[in-house]
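> Here you go, one structure.
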Amino acid sequence: MPYRYIDDIAIADVAFEAWGSTREELFIVAADALMNVMVSDLATIRADDGVELRLENEALDMLLFNFLNEFIYYKDARQLLLRATSVTISGTDQHFTLHAKAAGERLDPARHQLIVDVKAVTLHRFRVEETAGGWRTEVVLDI
């Protein structure tokens, strides 16, 4: 599991750090970490419905911020629990474009053991950084 939850950052929120060898892997792992805060077993989410995401931003960290908030939007607005299946990021320091595919299904309380409801990704301590081994992020979620 290329993410871990951090206990001592936020008392009323949930925090995690995630890492990947590429930016794309980092985005996929961070989306799984977000979903795993809400659903105890990600394997219970079947890939019945597909969604394509297209996002743009001038900053890579804000692109991840928007990407994660899309998963919360689909959970709230359409009752869809999604997992990212592919992510492509293009662009450079002034303009990034993300194309992603996600798959999942409607929330079913009988099959999906829910833990907490995530309201939003916060900017508190939010960061994305390139490291010697790839990419890393730290995220605090409002629950």
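Every chain in the structure tokens takes a letter, A first, then B, and so on in the order presented; its residues are numbered from 1, and the ligands are numbered from 1 following the presented order.
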Might you pull out every residue within 12 Å of A:Arg4, with only C-alpha atoms counted and same-chain residues fewer than 3 positions away left off, and present them as a PDB file with C-alpha atoms, in the first residue's frame?


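Okay, selection-v1.pdb is ready:
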ATOM      1  CA  MET A   1       0.000   0.000   0.000  1.00  0.00           C
ATOM      2  CA  ASP A   7      -2.494  10.519  13.220  1.00  0.00           C
ATOM      3  CA  VAL A  14      -8.025  12.649   8.498  1.00  0.00           C
ATOM      4  CA  ALA A  15      -4.571  13.066   6.996  1.00  0.00           C
ATOM      5  CA  PHE A  16      -2.530  10.841   4.733  1.00  0.00           C
ATOM      6  CA  GLU A  17       0.645  10.852   2.737  1.00  0.00           C
ATOM      7  CA  ALA A  18       0.927   9.005  -0.548  1.00  0.00           C
ATOM      8  CA  TRP A  19       3.760   8.343  -2.936  1.00  0.00           C
ATOM      9  CA  VAL A  29      -2.645   6.164  -5.134  1.00  0.00           C
ATOM     10  CA  ALA A  30      -3.920   9.399  -3.551  1.00  0.00           C
ATOM     11  CA  ASP A  32      -7.320   5.231  -3.423  1.00  0.00           C
ATOM     12  CA  ALA A  33      -6.198   6.662  -0.073  1.00  0.00           C
ATOM     13  CA  LEU A  34      -9.091   9.140  -0.195  1.00  0.00           C
ATOM     14  CA  ASN A  36     -10.187   4.114   1.621  1.00  0.00           C
ATOM     15  CA  VAL A  37     -10.949   6.757   4.252  1.00  0.00           C
ATOM     16  CA  ARG A 136       4.921  12.477  -2.708  1.00  0.00           C
ATOM     17  CA  THR A 137       1.849  14.258  -1.377  1.00  0.00           C
ATOM     18  CA  GLU A 138       0.426  15.118   2.014  1.00  0.00           C
ATOM     19  CA  VAL A 139      -3.354  15.586   2.224  1.00  0.00           C
TER      20      VAL A 139
END

> From a DSSP calculation on the backbone, collect every residue of stretch 9-96 of chain A in helix (DSSP H, G or I) and output the set as number ranges by chain.

A: 23-38, 42-44, 60-78

> Do a neighbour search on stretch 106-108 of chain A at 8 Å with only C-alpha atoms, toss out local chain neighbours closer than 4 positions, and write the hits as a list of chain:residue names.

A:Lys75, A:Arg78, A:Gln79, A:Leu80, A:Leu81, A:His112

> Using C-alpha atoms, can you write the selected residues to a file as an mmCIF file, in the first residue's frame?


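Result saved to result27.cif:
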data_model
loop_
_atom_site.group_PDB
_atom_site.id
_atom_site.type_symbol
_atom_site.label_atom_id
_atom_site.label_comp_id
_atom_site.auth_asym_id
_atom_site.auth_seq_id
_atom_site.Cartn_x
_atom_site.Cartn_y
_atom_site.Cartn_z
ATOM 1 C CA LYS A 75 -19.788 10.381 -4.202
ATOM 2 C CA ARG A 78 -24.262 10.803 -7.897
ATOM 3 C CA GLN A 79 -23.667 8.353 -5.048
ATOM 4 C CA LEU A 80 -20.780 6.848 -7.072
ATOM 5 C CA LEU A 81 -17.776 5.321 -5.359
ATOM 6 C CA HIS A 112 -19.745 -1.102 1.221
#

> Could you pull out all residues of chain A with a DSSP call of strand (DSSP E or B) and give them as an MDAnalysis selection string?

chainID A and resid 3:6 13:20 39 49:57 80:92 95:106 114 120:121 127:131 134:142

> Name all residues at most 7 Å from stretch 40-43 of chain A (count only C-alpha atoms; drop same-chain ones fewer than 6 positions away) and give them as a short mmCIF file (atom, residue, chain, number, x, y, z; two decimals) with C-alpha atoms, in the first residue's frame.


data_model
loop_
_atom_site.label_atom_id
_atom_site.label_comp_id
_atom_site.auth_asym_id
_atom_site.auth_seq_id
_atom_site.Cartn_x
_atom_site.Cartn_y
_atom_site.Cartn_z
CA GLN A 113 -18.74 -0.84 4.85
CA LEU A 114 -18.58 2.94 5.28
CA ILE A 115 -16.18 4.44 7.81
#

> What is the atom CA of A:Arg46-atom CA of A:Asp117 distance in Å, reported with one decimal?

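These atoms are spaced 19.4 Å apart.
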
> Any idea what's packed within 8 Å of stretch 125-134 of chain A, counting only C-alpha atoms, ignoring anything in its chain fewer than 6 positions away? Could you give it as a PDB file with N, CA and C atoms, in the first residue's frame?


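Result file is selection.pdb:
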ATOM      1  N   TRP A  19       2.582   8.199  -2.099  1.00  0.00           N
ATOM      2  CA  TRP A  19       3.760   8.343  -2.936  1.00  0.00           C
ATOM      3  C   TRP A  19       3.647   7.430  -4.146  1.00  0.00           C
ATOM      4  N   GLY A  20       4.367   7.825  -5.194  1.00  0.00           N
ATOM      5  CA  GLY A  20       4.413   7.036  -6.425  1.00  0.00           C
ATOM      6  C   GLY A  20       5.665   7.359  -7.200  1.00  0.00           C
ATOM      7  N   SER A  21       6.034   6.472  -8.086  1.00  0.00           N
ATOM      8  CA  SER A  21       7.254   6.691  -8.863  1.00  0.00           C
ATOM      9  C   SER A  21       7.049   7.737  -9.959  1.00  0.00           C
ATOM     10  N   THR A  22       5.784   7.937 -10.369  1.00  0.00           N
ATOM     11  CA  THR A  22       5.457   8.966 -11.365  1.00  0.00           C
ATOM     12  C   THR A  22       4.337   9.850 -10.820  1.00  0.00           C
ATOM     13  N   ARG A  23       4.124  10.972 -11.469  1.00  0.00           N
ATOM     14  CA  ARG A  23       3.000  11.835 -11.071  1.00  0.00           C
ATOM     15  C   ARG A  23       1.686  11.092 -11.212  1.00  0.00           C
ATOM     16  N   LEU A  60       0.646  21.902 -10.436  1.00  0.00           N
ATOM     17  CA  LEU A  60       0.457  20.467 -10.280  1.00  0.00           C
ATOM     18  C   LEU A  60      -0.241  20.123  -8.966  1.00  0.00           C
ATOM     19  N   ASP A  61       0.109  20.821  -7.888  1.00  0.00           N
ATOM     20  CA  ASP A  61      -0.534  20.508  -6.609  1.00  0.00           C
ATOM     21  C   ASP A  61      -2.032  20.810  -6.654  1.00  0.00           C
ATOM     22  N   VAL A 140      -4.859  16.571   3.865  1.00  0.00           N
ATOM     23  CA  VAL A 140      -5.747  16.575   5.018  1.00  0.00           C
ATOM     24  C   VAL A 140      -7.172  16.669   4.485  1.00  0.00           C
TER      25      VAL A 140
END

> Would you give me, as JSON lines, each residue of stretch 29-82 of chain A having an atom within 12 Å of an atom of stretch 94-100 of chain A, along with its shortest atom pair and that distance in Å to one decimal, using only C-alpha atoms and sorting by chain and residue number?


{"residue": "A:Ala31", "atom": "CA", "partner": "A:Ala100", "partner_atom": "CA", "distance": 11.4}
{"residue": "A:Gly50", "atom": "CA", "partner": "A:Ala100", "partner_atom": "CA", "distance": 10.5}
{"residue": "A:Val51", "atom": "CA", "partner": "A:Ala100", "partner_atom": "CA", "distance": 8.3}
{"residue": "A:Glu52", "atom": "CA", "partner": "A:Ala100", "partner_atom": "CA", "distance": 5.7}
{"residue": "A:Leu53", "atom": "CA", "partner": "A:Ala100", "partner_atom": "CA", "distance": 5.0}
{"residue": "A:Arg54", "atom": "CA", "partner": "A:His99", "partner_atom": "CA", "distance": 4.7}
{"residue": "A:Leu55", "atom": "CA", "partner": "A:Leu98", "partner_atom": "CA", "distance": 5.1}
{"residue": "A:Glu56", "atom": "CA", "partner": "A:Thr97", "partner_atom": "CA", "distance": 4.5}
{"residue": "A:Asn57", "atom": "CA", "partner": "A:Phe96", "partner_atom": "CA", "distance": 5.4}
{"residue": "A:Glu58", "atom": "CA", "partner": "A:His95", "partner_atom": "CA", "distance": 4.3}
{"residue": "A:Ala59", "atom": "CA", "partner": "A:Gln94", "partner_atom": "CA", "distance": 6.7}
{"residue": "A:Leu60", "atom": "CA", "partner": "A:Phe96", "partner_atom": "CA", "distance": 6.6}
{"residue": "A:Asp61", "atom": "CA", "partner": "A:Phe96", "partner_atom": "CA", "distance": 10.1}
{"residue": "A:Met62", "atom": "CA", "partner": "A:Phe96", "partner_atom": "CA", "distance": 9.8}
{"residue": "A:Leu63", "atom": "CA", "partner": "A:Phe96", "partner_atom": "CA", "distance": 7.4}
{"residue": "A:Leu64", "atom": "CA", "partner": "A:Leu98", "partner_atom": "CA", "distance": 9.3}
{"residue": "A:Asn66", "atom": "CA", "partner": "A:Leu98", "partner_atom": "CA", "distance": 10.3}
{"residue": "A:Phe67", "atom": "CA", "partner": "A:Leu98", "partner_atom": "CA", "distance": 8.6}
{"residue": "A:Leu68", "atom": "CA", "partner": "A:Ala100", "partner_atom": "CA", "distance": 11.7}
{"residue": "A:Glu70", "atom": "CA", "partner": "A:Ala100", "partner_atom": "CA", "distance": 11.1}
{"residue": "A:Phe71", "atom": "CA", "partner": "A:Ala100", "partner_atom": "CA", "distance": 11.7}
{"residue": "A:Leu82", "atom": "CA", "partner": "A:Ala100", "partner_atom": "CA", "distance": 11.7}

> So how many Å separate atom CA of A:Asp93 and atom CA of A:Tyr5, to one decimal?

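Atom CA of A:Asp93 sits 29.0 Å away from atom CA of A:Tyr5.
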
> Tell me, as a list in words, which residues lie within 8 Å of A:Ile28, counting only C-alpha atoms; anything in the same chain fewer than 6 positions away does not count.

Arg83, Ala84, Thr85, Ser86 and Val87 of chain A

> Just checking: using only C-alpha atoms, which residue out of A:Ile143, A:Trp135, A:Leu123, A:Pro2 ends up closest to A:Phe65?

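With only C-alpha atoms as the atom set, the closest residue is A:Leu123.
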